[in-house]
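Below you'll find the structure, written out as structure tokens, and then a few comments.
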Amino acid sequence: MLACRVLIYPSFSVLRTSSRFFSAPSSSPSPTITLYQYRICPFCCKTKSLLTHLSLPYTSIEVNPLTKSQFKNLESIGDDTYKKVPVALINNERINGSNEIIDKILEISDKHDIITDDFINDESMKWYNWCDTHLAVRIYPALTETFDSSLTAFSYLDNVSEFSTFEKLSAKYIGAFAMKLAGGKIKKKYGIEDTDHELASSIETWKNDALNSAPFQGGDKPSIADIAVYGVLKGLEDVGGRWFEERVKGDKEVEEWFSRVEGVVGEINSSH
Ligand SMILES: N[C@@H](CCC(=O)N[C@@H](CS)C(=O)NCC(=O)O)C(=O)O
């Protein structure tokens, strides 16, 4: 019985109760969801992928990575010492961190036909966790390997219409420089030596060990891990440069899996 298993972190609350399998579809109105994000943050993209898959409408607020001034809207709501993204406001409750937000999304979703034992189980949670601890942490170091590639990644700021020209330029150049330095710290923390090689081998691991020739990690339908990994990779489509083309689009099996998930999830709009 699912509820009695020892689960791998993060243990979402839907996994601790079996009531979701018997509850009637909710008739309550759609929750109001606002997501504070960086467009290129893998943890934000993972969260948006699930929101889109569960057809939960949301509004996103692009956070200036330098000033984080948008967080002022959230002052005095919940724990306002947290300064990372994503942060969500769900029906006026502040939720910090992608896994905490996803926990809440799973709890409030009425898509009981999607959130099944096949969608979330020990195996899919193992890969979901791998997505956070192996794949997502290798994205920033790869994007910010050189100052030039970091600048390319931060070019997304050119298209943030809410920012003034000064905000765009300052966040782009200072952000690119700061991320180049931060990328080095992340590499040290996770023992990453050859960024490009390790990201490539993470994608190989996903292909060979998670998909293992099946259409999805979840089998015939995407699991929560498919949705998470797809979100992380999708977020980089515009800024991923060479390695995205080579490793995702350039590998037939990965590319076909990517298109299959895209077909099920639908388009995630990177700007909201
Ligand atoms: N465990 C967190 C990690 C979030 C995270 O590391 N976010 C990064 C952006 S990808 C961040 O906000 N870093 C701090 C900063 O940019 O100042 C989660 O899953 O949400």
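In the structure tokens, chains take letters A, B, ... by order of appearance, with residues numbered from 1 within each chain and ligands from 1 in the order shown.
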#### Entry: Neighbour list for A:Ser213 as a ChimeraX atom specification, cut-off 10 Å, only C-alpha atoms, skip fewer than 6 positions in-chain
/A:207,219,253,257
Atoms to include: N, CA and C atoms. Write the selected residues as a compact mmCIF listing (two decimals), in the first residue's frame.
# COMPACT_ATOMS: atom_id res chain seq x y z
N LYS A 207 18.14 8.84 -20.25
CA LYS A 207 17.73 8.05 -21.41
C LYS A 207 17.86 6.54 -21.13
N GLY A 219 6.21 4.86 -18.00
CA GLY A 219 5.67 3.76 -18.83
C GLY A 219 4.94 4.33 -20.02
N GLU A 253 16.51 9.63 -29.45
CA GLU A 253 15.63 9.09 -28.39
C GLU A 253 15.18 10.16 -27.41
N TRP A 257 11.38 11.58 -26.87
CA TRP A 257 10.74 11.61 -25.54
C TRP A 257 10.27 13.04 -25.23
Each residue of chain A lying at most 6 Å from ligand 1 should get a row with its shortest atom-to-atom pair and the distance in Å to one decimal, counting only C-alpha atoms and all ligand atoms; could you produce that, ordered by chain and increasing number, as a tab-separated table?
residue	atom	partner	partner_atom_place_in_ligand_line	distance
A:Cys41	CA	ligand 1	10 (S)	4.0
A:Pro42	CA	ligand 1	10 (S)	5.7
A:Phe43	CA	ligand 1	19 (O)	5.3
A:Pro65	CA	ligand 1	16 (O)	5.8
A:Lys84	CA	ligand 1	12 (O)	3.2
A:Val85	CA	ligand 1	12 (O)	4.0
A:Pro86	CA	ligand 1	20 (O)	5.4
A:Gly97	CA	ligand 1	20 (O)	3.5
A:Ser98	CA	ligand 1	20 (O)	3.8
A:Asn99	CA	ligand 1	19 (O)	5.6
Close residues, stretch 125-128 of chain A itself excluded, 7 Å, only C-alpha atoms, min 3 positions apart in chain, as an mmCIF file with N, CA and C atoms, in the first residue's frame:
data_model
loop_
_atom_site.group_PDB
_atom_site.id
_atom_site.type_symbol
_atom_site.label_atom_id
_atom_site.label_comp_id
_atom_site.auth_asym_id
_atom_site.auth_seq_id
_atom_site.Cartn_x
_atom_site.Cartn_y
_atom_site.Cartn_z
ATOM 1 N N ILE A 8 11.147 8.260 -0.526
ATOM 2 C CA ILE A 8 12.362 9.012 -0.722
ATOM 3 C C ILE A 8 12.010 10.501 -0.733
ATOM 4 N N ILE A 120 2.837 8.980 -9.352
ATOM 5 C CA ILE A 120 3.753 9.139 -8.211
ATOM 6 C C ILE A 120 3.895 7.809 -7.497
ATOM 7 N N ASN A 121 5.085 7.294 -7.521
ATOM 8 C CA ASN A 121 5.386 6.081 -6.754
ATOM 9 C C ASN A 121 6.869 6.133 -6.396
ATOM 10 N N ASP A 122 7.360 5.119 -5.743
ATOM 11 C CA ASP A 122 8.763 5.165 -5.273
ATOM 12 C C ASP A 122 9.744 5.385 -6.420
ATOM 13 N N CYS A 131 16.246 14.474 -10.566
ATOM 14 C CA CYS A 131 16.114 15.684 -11.386
ATOM 15 C C CYS A 131 16.597 16.904 -10.587
ATOM 16 N N ASP A 132 16.214 16.985 -9.318
ATOM 17 C CA ASP A 132 16.647 18.116 -8.459
ATOM 18 C C ASP A 132 18.138 18.059 -8.145
ATOM 19 N N ILE A 224 5.535 11.941 -12.642
ATOM 20 C CA ILE A 224 5.965 13.243 -12.107
ATOM 21 C C ILE A 224 7.434 13.519 -12.475
ATOM 22 N N ALA A 225 8.209 12.464 -12.653
ATOM 23 C CA ALA A 225 9.616 12.655 -13.031
ATOM 24 C C ALA A 225 9.734 13.129 -14.479
ATOM 25 N N ALA A 228 8.908 16.757 -14.473
ATOM 26 C CA ALA A 228 9.969 17.580 -13.885
ATOM 27 C C ALA A 228 11.155 17.727 -14.839
#
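Closest approach to A:Ser170 among A:Leu66, A:Ile102, A:Leu51, A:Ile114 is made by A:Leu66 (distances from only C-alpha atoms).
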Any idea what's packed within 10 Å of A:Gln70, counting only C-alpha atoms, ignoring anything in its chain fewer than 5 positions away? Could you give it as a ChimeraX atom specification?
-> /A:36-37,61-65,75
### Query
Within 9 Å of A:Ser202, counting only C-alpha atoms, which residues qualify if same-chain residues fewer than 6 places away don't, as a ChimeraX atom specification?
/A:134-135,138
Those selected residues, please, written with N, CA and C atoms and delivered as a PDB file, in the first residue's frame.
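The resulting file, out.pdb, is reproduced below:
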ATOM      1  N   HIS A 134      20.675  16.010  -9.375  1.00  0.00           N
ATOM      2  CA  HIS A 134      21.696  15.746 -10.396  1.00  0.00           C
ATOM      3  C   HIS A 134      21.548  16.641 -11.623  1.00  0.00           C
ATOM      4  N   LEU A 135      20.338  16.636 -12.182  1.00  0.00           N
ATOM      5  CA  LEU A 135      20.171  17.368 -13.444  1.00  0.00           C
ATOM      6  C   LEU A 135      20.115  18.885 -13.222  1.00  0.00           C
ATOM      7  N   ARG A 138      23.193  20.894 -12.453  1.00  0.00           N
ATOM      8  CA  ARG A 138      24.238  20.952 -13.491  1.00  0.00           C
ATOM      9  C   ARG A 138      23.912  21.971 -14.585  1.00  0.00           C
TER      10      ARG A 138
END
Alpha helix (DSSP H) residues, from DSSP on the backbone, in stretch 9-234 of chain A, as an NGL selection string:
:A and (42-53 or 98-108 or 122-130 or 137-143 or 147-153 or 165-189 or 195-205 or 224-234)
Proximity check stretch 146-211 of chain A to stretch 247-251 of chain A, 9 Å, nearest pairs one decimal Å, only C-alpha atoms, as a tab-separated table:
residue	atom	partner	partner_atom	distance
A:Leu199	CA	A:Arg247	CA	8.8
A:Ala200	CA	A:Arg247	CA	6.4
A:Ile203	CA	A:Arg247	CA	7.3
A:Glu204	CA	A:Arg247	CA	8.8
Counting only C-alpha atoms, which residues in stretch 70-167 of chain A sit no more than 9 Å from stretch 52-56 of chain A? For each one, give the nearest pair of atoms and the distance in Å, sorted by chain then residue number, as CSV.
residue,atom,partner,partner_atom,distance
A:Ile105,CA,A:Leu56,CA,8.5
A:Leu106,CA,A:Leu54,CA,8.8
A:Ser109,CA,A:Leu54,CA,7.0
A:Asp110,CA,A:Leu54,CA,8.4
A:Lys111,CA,A:Leu54,CA,6.5
A:Ile114,CA,A:Leu54,CA,7.7
A:Ile115,CA,A:Leu54,CA,8.9
Using only C-alpha atoms, the shortest atom-to-atom distance to A:Leu236 among A:Ser60, A:Asn73, A:Thr152, A:Ser11 belongs to A:Thr152
A:Thr144, A:Thr116, A:Ser30, A:Thr47: which is nearest A:Lys187, counting only C-alpha atoms?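 Checking each of A:Thr144, A:Thr116, A:Ser30, A:Thr47 against A:Lys187, counting only C-alpha atoms, the winner is A:Thr144.
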